[in-house]
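Notes to accompany the following structure.
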Amino acid sequence: MTAPFNRPDAHGYYGSFGGAFIPEMLHRNVAELQARYLEIMQDPTFQRDVDALLRDYVGRPTPLFLAERLSAKHGTQIWLKREDLCHTGAHKINNTVGQILLAERLGLKRIIAETGAGQHGVATATVCALKGLECVVYMGEKDIERQAPNVARMRMLGATVVPATSGSKTLKDATNEAIRDWINHPVDTHYIIGSVVGPHPYPDMVARFQSVISAEIRKQLLEKTGSELPTHVVACVGGGSNAAGAFYHFLEEPEVAIVAVEAAGHGVHTDMSAATTQLGKPGILHGSMSLLMQTEDGQVIEPHSISAGLDYPGIGPMHANLYKSGRGIFLSATDDEAIASAFEVSRLEGIIPALETAHAFAALDQMTFSPDDRVVVCLSGRGDKDLATYMQFMH
Amino acid sequence: MSRLHELFKHKSSRILNVYCTAGFPHADSTLPVMKALQDAGADIIELGMPYSDPLADGPVIQQSSGVALQNGMTIAKLFADLKDFRRDVSIPVILMGYLNPVLQYGFKRFCGDAAAVGIDGLILPDLPEYEYETIYGPVMKAHGLDMIFLVTPETSEDRVRRLDELSSGFLYAVSSSSTTGSGKKMDSVEAYLMRLKGYGLQNPVLVGFGIRDRETFDTACKHANGAIIGTAYIQQLEHSDEVEKATHDFLGSILT
């Protein structure tokens, strides 16, 4: 039997990507997680606690909605997985609910997180408030400016938001600062990584917590169409957590097309892009071997995307393996295409999507469909946080 | 026998290893800094290869790496700069750097070039022992390069023994769980170093992180073979235009 696409091997590798490239200062914490995450996650009491919070607090299951006007435009059936309806407005809370319960099981009282668009920061601040735990969120200085409403939400929820002022002052640098914080607080702190990146076991752990998305899609699609398999699953990818969740239970179904959409910024072949699979080479960032945008000398390149959540020079190792193996189709959408799609979806379906999600919609224009196709788009988040950006384009 | 083994055979206490970032403070500073360190009494030089995302480093070394990169430092340039350094520098020199730039240069090519110019060993803080044993370790050994692993106060006894077995040259004992230059107090460092001493390890132990002056150097040397100074020396270089004088003054304040 060949290795599954959705799970790593014992050392955390998806094909040649993954692993745990961490300094010794993090070894004890990471090794403890490696040793215990599966046992904890598979414990029926833990699963019951996660399920209860997802149902009663997050509002799961989220609906699977047939977008009729968008379907008519593309001449097919387009189903929207409404992660935008989760509490706090995005899929990110699926993971933070799981990890906060895991931190409780590990007896850790102080929570740190990185955030790009602020959705993961808000989702972390939310569960910390719920559990009465101290919360420190690292966020790039540039992102603090462009995602002001989410910064205010985190502060209202009682979190400390610390600006990351090094490098490009975006998600990569916020992640560096969070890792440095963890090095300096080795005993009492759990780091809730928000995407399927970082050292093993994070990519697997986060993918498992997000896999509820595809578990629900299968069930809902069966109820609504008589078939549990879509023909296509489409999701945007920065680090790739909503995509990992939406793809998870379909990766071993070869007839399902897996479509990941990256941020092309000003265009893949400009110097202002974040399309990692197109521009990256194998390399190490934030503790795992994956595809990485870097110079010939191995210095990390500062990416560009209009969307703070996709403005990341790496990609989760699971996705790097989907790209390299050919299991996934990787497309990209530019800033302008994403903005246009955000307006289109708003006016066709009455749903204002997050800028990140808008990239997934933009990619539909690059694909051809049959009328009988069942296309699922992961509507990973809502666009309230992006109104300041959208307002600049309202002429 | 490697230069590190040779050194520890003749001197087993108060070893001073000083870190500097290649290409800092100026593009052509690397060799003058190394010569000044040797002249001022350093026993080992730890030469840092700058990286854009140094996870284990605090602001001072991050900044020195940023300056070095702006000065155009790359691994290729570093080996060109070091081509004839053994004419002037006879003490052991080890390279410290994050794995990614080394992998992009090509690990075999890197080890070959390092050994050819006269480098003695490597510290690659984000290279885990699994990948070291399965992929990279054999390449280093083939080129006669020592590999120095880090241990921290949180590292278990079993793991200390295992990392000691994998290391050659010396074992790098991180004094407290922190990034470099954090200024954390070294309160419990003596107990930790005595614990390490009690293990009867095969390698000499040098203490790093938090060693910044005569007092902290003396504390480290009480229970270990010596210590490594990084951030405090980088700060001296930052605040002086004269590499030689800054180096002599700083090392003088620690050694005499």
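Lettering and numbering for the structure tokens are positional, with chains as A, B, ... in the shown order, residues counted from 1 in each chain, and ligands counted from 1 in the shown order.
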
Query raised in the report: Taking only C-alpha atoms into account, what are the residues of chain B at most 7 Å from chain A, put as a list of chain:residue names?
Result: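 So the residues of chain B near chain A are B:Tyr51, B:Ser52, B:Leu55, B:Ala56, B:Thr74, B:Asn100, B:Pro101, B:Gln104, B:Tyr105, B:Pro125, B:Asp126, B:Leu127, B:Pro128, B:Leu150, B:Val151, B:Thr152, B:Glu154, B:Thr155, B:Ser177, B:Ser178, B:Thr179.
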
Report task. Check the DSSP output for the backbone and give back, as a PyMOL selection string, the residues of region 178-217 of chain B in helix (DSSP H, G or I). Result -> chain B and resi 189-198+214-217

Would you put the residues from that selection into a file with N, CA and C atoms, as a tab-separated table (two decimals), in the first residue's frame?
```
chain	number	residue	atom	x	y	z
B	189	VAL	N	21.94	27.89	36.86
B	189	VAL	CA	22.87	27.31	35.90
B	189	VAL	C	23.91	26.41	36.58
B	190	GLU	N	24.30	26.76	37.82
B	190	GLU	CA	25.34	25.96	38.47
B	190	GLU	C	24.86	24.54	38.74
B	191	ALA	N	23.61	24.43	39.20
B	191	ALA	CA	23.06	23.10	39.48
B	191	ALA	C	22.98	22.28	38.19
B	192	TYR	N	22.58	22.95	37.13
B	192	TYR	CA	22.45	22.28	35.83
B	192	TYR	C	23.81	21.80	35.33
B	193	LEU	N	24.84	22.66	35.46
B	193	LEU	CA	26.17	22.29	34.97
B	193	LEU	C	26.78	21.18	35.83
B	194	MET	N	26.46	21.21	37.12
B	194	MET	CA	26.97	20.13	37.97
B	194	MET	C	26.31	18.80	37.59
B	195	ARG	N	25.03	18.90	37.24
B	195	ARG	CA	24.32	17.69	36.78
B	195	ARG	C	25.01	17.14	35.52
B	196	LEU	N	25.30	18.03	34.56
B	196	LEU	CA	25.98	17.59	33.33
B	196	LEU	C	27.33	16.95	33.66
B	197	LYS	N	28.06	17.62	34.57
B	197	LYS	CA	29.39	17.12	34.95
B	197	LYS	C	29.31	15.71	35.52
B	198	GLY	N	28.24	15.49	36.29
B	198	GLY	CA	28.04	14.19	36.93
B	198	GLY	C	27.79	13.06	35.95
B	214	ARG	N	32.82	39.10	32.76
B	214	ARG	CA	33.75	38.32	33.58
B	214	ARG	C	33.01	37.41	34.57
B	215	GLU	N	31.99	37.98	35.21
B	215	GLU	CA	31.27	37.26	36.26
B	215	GLU	C	30.56	36.03	35.69
B	216	THR	N	29.83	36.22	34.61
B	216	THR	CA	29.08	35.09	34.05
B	216	THR	C	30.04	34.07	33.44
B	217	PHE	N	31.17	34.55	32.89
B	217	PHE	CA	32.18	33.63	32.35
B	217	PHE	C	32.76	32.77	33.47
```

Query raised in the report: Do you have the CA of Val268 (chain A)-CA of Glu344 (chain A) distance handy?
Result: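 One can read the CA of Val268 (chain A) to CA of Glu344 (chain A) distance as 22.8 Å.
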
Requested in this report: Go through A:Lys131, A:His200, A:Arg105, A:His266 one by one, measure the shortest atom-to-atom distance of each to Ala10 (chain A) using only C-alpha atoms, and give the residue with the smallest value.
Outcome: A:His200

Query raised in the report: region 44-171 of chain B: which residues are strand (DSSP E or B) by DSSP, as a list in words?
Result: Ile44, Ile45, Glu46, Leu47, Gly48, Val93, Ile94, Leu95, Met96, Gly121, Leu122, Ile123, Asp146, Met147, Leu150, Val151 and Leu171 of chain B

Query - Contacts of Val377 (chain A) at 9 Å (only C-alpha atoms; same-chain gap of 2+ positions) as a list in words - result: Ile78, Trp79, Leu80, Lys81, Arg82, His232, Val233, Val234, Ala235, Ala246, Thr357, Ala360, Phe361, Val375, Leu379 and Ser380 of chain A

Dump as a PDB file, in the first residue's frame, selection limited to C-alpha atoms:
```
ATOM      1  CA  ILE A  78     -21.430  24.881  -7.095  1.00  0.00           C
ATOM      2  CA  TRP A  79     -21.812  24.059  -3.431  1.00  0.00           C
ATOM      3  CA  LEU A  80     -20.462  26.384  -0.759  1.00  0.00           C
ATOM      4  CA  LYS A  81     -19.185  24.937   2.500  1.00  0.00           C
ATOM      5  CA  ARG A  82     -20.159  27.751   4.834  1.00  0.00           C
ATOM      6  CA  HIS A 232     -14.018  18.982  -7.369  1.00  0.00           C
ATOM      7  CA  VAL A 233     -13.043  20.457  -4.019  1.00  0.00           C
ATOM      8  CA  VAL A 234     -11.666  23.989  -4.313  1.00  0.00           C
ATOM      9  CA  ALA A 235      -9.953  25.901  -1.500  1.00  0.00           C
ATOM     10  CA  ALA A 246     -11.729  20.466   2.978  1.00  0.00           C
ATOM     11  CA  THR A 357     -11.623  32.872   0.127  1.00  0.00           C
ATOM     12  CA  ALA A 360     -10.755  30.272  -4.455  1.00  0.00           C
ATOM     13  CA  PHE A 361     -13.745  31.788  -6.242  1.00  0.00           C
ATOM     14  CA  VAL A 375     -18.055  21.437  -7.244  1.00  0.00           C
ATOM     15  CA  LEU A 379     -16.006  29.335   1.871  1.00  0.00           C
ATOM     16  CA  SER A 380     -13.388  29.602   4.562  1.00  0.00           C
TER      17      SER A 380
END
```

Using only C-alpha atoms, determine which residues lie at most 7 Å from Val136 (chain A), disregarding the query and same-chain residues fewer than 3 positions distant; provide the list as an mmCIF file with N, CA, C and O atoms, in the first residue's frame.
```cif
data_model
loop_
_atom_site.group_PDB
_atom_site.id
_atom_site.type_symbol
_atom_site.label_atom_id
_atom_site.label_comp_id
_atom_site.auth_asym_id
_atom_site.auth_seq_id
_atom_site.Cartn_x
_atom_site.Cartn_y
_atom_site.Cartn_z
ATOM 1 N N ILE A 111 -1.190 30.535 26.549
ATOM 2 C CA ILE A 111 -1.369 30.214 25.136
ATOM 3 C C ILE A 111 -0.756 31.322 24.280
ATOM 4 O O ILE A 111 -0.973 32.514 24.534
ATOM 5 N N ILE A 112 0.010 30.913 23.275
ATOM 6 C CA ILE A 112 0.507 31.888 22.303
ATOM 7 C C ILE A 112 0.046 31.464 20.907
ATOM 8 O O ILE A 112 -0.252 30.297 20.658
ATOM 9 N N ALA A 113 -0.018 32.451 20.001
ATOM 10 C CA ALA A 113 -0.410 32.163 18.623
ATOM 11 C C ALA A 113 0.178 33.222 17.712
ATOM 12 O O ALA A 113 0.531 34.321 18.160
ATOM 13 N N ALA A 159 -6.962 39.374 24.878
ATOM 14 C CA ALA A 159 -5.642 38.919 24.443
ATOM 15 C C ALA A 159 -4.668 40.086 24.364
ATOM 16 O O ALA A 159 -5.074 41.226 24.162
ATOM 17 N N THR A 160 -3.385 39.787 24.526
ATOM 18 C CA THR A 160 -2.332 40.763 24.282
ATOM 19 C C THR A 160 -1.863 40.581 22.845
ATOM 20 O O THR A 160 -1.484 39.472 22.461
ATOM 21 N N VAL A 161 -1.909 41.641 22.053
ATOM 22 C CA VAL A 161 -1.455 41.558 20.665
ATOM 23 C C VAL A 161 -0.080 42.203 20.576
ATOM 24 O O VAL A 161 0.078 43.376 20.909
#
```

**Report entry** Closest of A:Leu322, A:Cys378, A:Ile339, A:Val261 to Leu310 (chain A) - atom-to-atom distances counting only C-alpha atoms
**Finding:**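 Checking each of A:Leu322, A:Cys378, A:Ile339, A:Val261 against Leu310 (chain A), counting only C-alpha atoms, the winner is A:Val261.
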
Requested in this report: Would you list the contacts of Ala22 (chain B) as a ChimeraX atom specification, taking every protein, DNA or RNA residue within 12 Å and counting only C-alpha atoms, but skipping same-chain residues closer than 6 positions in sequence?
Outcome: /B:28-34,45-51,61,64-79,81-82,94-97,234

Output for the residues just chosen: C-alpha atoms as a PDB file, in the first residue's frame:
```
ATOM      1  CA  ASP B  28      35.018  42.797   4.635  1.00  0.00           C
ATOM      2  CA  SER B  29      35.052  42.455   8.440  1.00  0.00           C
ATOM      3  CA  THR B  30      35.096  38.660   8.660  1.00  0.00           C
ATOM      4  CA  LEU B  31      38.857  38.073   8.525  1.00  0.00           C
ATOM      5  CA  PRO B  32      39.906  41.117  10.579  1.00  0.00           C
ATOM      6  CA  VAL B  33      37.417  40.093  13.282  1.00  0.00           C
ATOM      7  CA  MET B  34      38.758  36.534  13.322  1.00  0.00           C
ATOM      8  CA  ILE B  45      35.847  31.140  16.901  1.00  0.00           C
ATOM      9  CA  GLU B  46      32.218  30.405  16.132  1.00  0.00           C
ATOM     10  CA  LEU B  47      31.453  32.060  12.821  1.00  0.00           C
ATOM     11  CA  GLY B  48      27.759  32.660  12.173  1.00  0.00           C
ATOM     12  CA  MET B  49      26.375  32.352   8.661  1.00  0.00           C
ATOM     13  CA  PRO B  50      23.600  34.942   8.436  1.00  0.00           C
ATOM     14  CA  TYR B  51      20.017  33.835   7.794  1.00  0.00           C
ATOM     15  CA  ILE B  61      22.070  38.596  16.535  1.00  0.00           C
ATOM     16  CA  SER B  64      23.691  41.510  12.898  1.00  0.00           C
ATOM     17  CA  SER B  65      22.458  38.842  10.468  1.00  0.00           C
ATOM     18  CA  GLY B  66      20.297  41.399   8.697  1.00  0.00           C
ATOM     19  CA  VAL B  67      23.257  43.775   8.366  1.00  0.00           C
ATOM     20  CA  ALA B  68      25.488  40.970   7.091  1.00  0.00           C
ATOM     21  CA  LEU B  69      22.917  39.983   4.458  1.00  0.00           C
ATOM     22  CA  GLN B  70      22.612  43.602   3.376  1.00  0.00           C
ATOM     23  CA  ASN B  71      26.411  43.642   3.128  1.00  0.00           C
ATOM     24  CA  GLY B  72      26.059  40.852   0.592  1.00  0.00           C
ATOM     25  CA  MET B  73      27.240  37.947   2.731  1.00  0.00           C
ATOM     26  CA  THR B  74      26.402  34.539   1.273  1.00  0.00           C
ATOM     27  CA  ILE B  75      27.885  31.102   1.843  1.00  0.00           C
ATOM     28  CA  ALA B  76      29.702  31.313  -1.496  1.00  0.00           C
ATOM     29  CA  LYS B  77      31.206  34.680  -0.540  1.00  0.00           C
ATOM     30  CA  LEU B  78      32.121  33.377   2.896  1.00  0.00           C
ATOM     31  CA  PHE B  79      34.136  30.478   1.466  1.00  0.00           C
ATOM     32  CA  ASP B  81      36.721  35.156   2.024  1.00  0.00           C
ATOM     33  CA  LEU B  82      37.995  32.168   4.001  1.00  0.00           C
ATOM     34  CA  ILE B  94      33.414  26.329  13.606  1.00  0.00           C
ATOM     35  CA  LEU B  95      30.557  27.487  11.420  1.00  0.00           C
ATOM     36  CA  MET B  96      27.135  28.084  12.949  1.00  0.00           C
ATOM     37  CA  GLY B  97      24.060  28.425  10.803  1.00  0.00           C
ATOM     38  CA  ILE B 234      28.262  41.677  18.729  1.00  0.00           C
TER      39      ILE B 234
END
```

**Report entry** Of the listed residues B:Ala173, B:Val243, B:Val139, B:Val207, that which approaches Asp39 (chain B) most closely, counting only C-alpha atoms
**Finding:**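 Answer, going by the shortest atom-to-atom distance: B:Val243.
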
Query raised in the report: Excluding same-chain residues fewer than 3 positions from Tyr57 (chain A), what lies within 9 Å of it counting only C-alpha atoms, as a list in words?
Result: Ala52, Leu53, Leu54, Arg60, Cys86 and His87 of chain A

**Report entry** For His359 (chain A): contacts at 10 Å, only C-alpha atoms, fewer than 3 positions along chain excluded, given as a list in words
**Finding:** Ala235, Cys236, Val237, Ala260, Val261, Glu262, Ala263, Ala264, Ser307, Leu310, Leu331, Ser332, Ala333, Thr334, Asp335, Asp336, Glu337, Ala338, Ile339, Ala340, Ser341, Ala342, Pro353, Ala354, Leu355, Glu356, Ala362, Ala363 and Leu364 of chain A

**Report entry** Nearest to Arg159 (chain B), chosen from B:Glu6, B:Glu129, B:Pro138, B:Gly58, with only C-alpha atoms counted in the distances
**Finding:**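 Under the stated criterion, the closest residue is B:Glu129.
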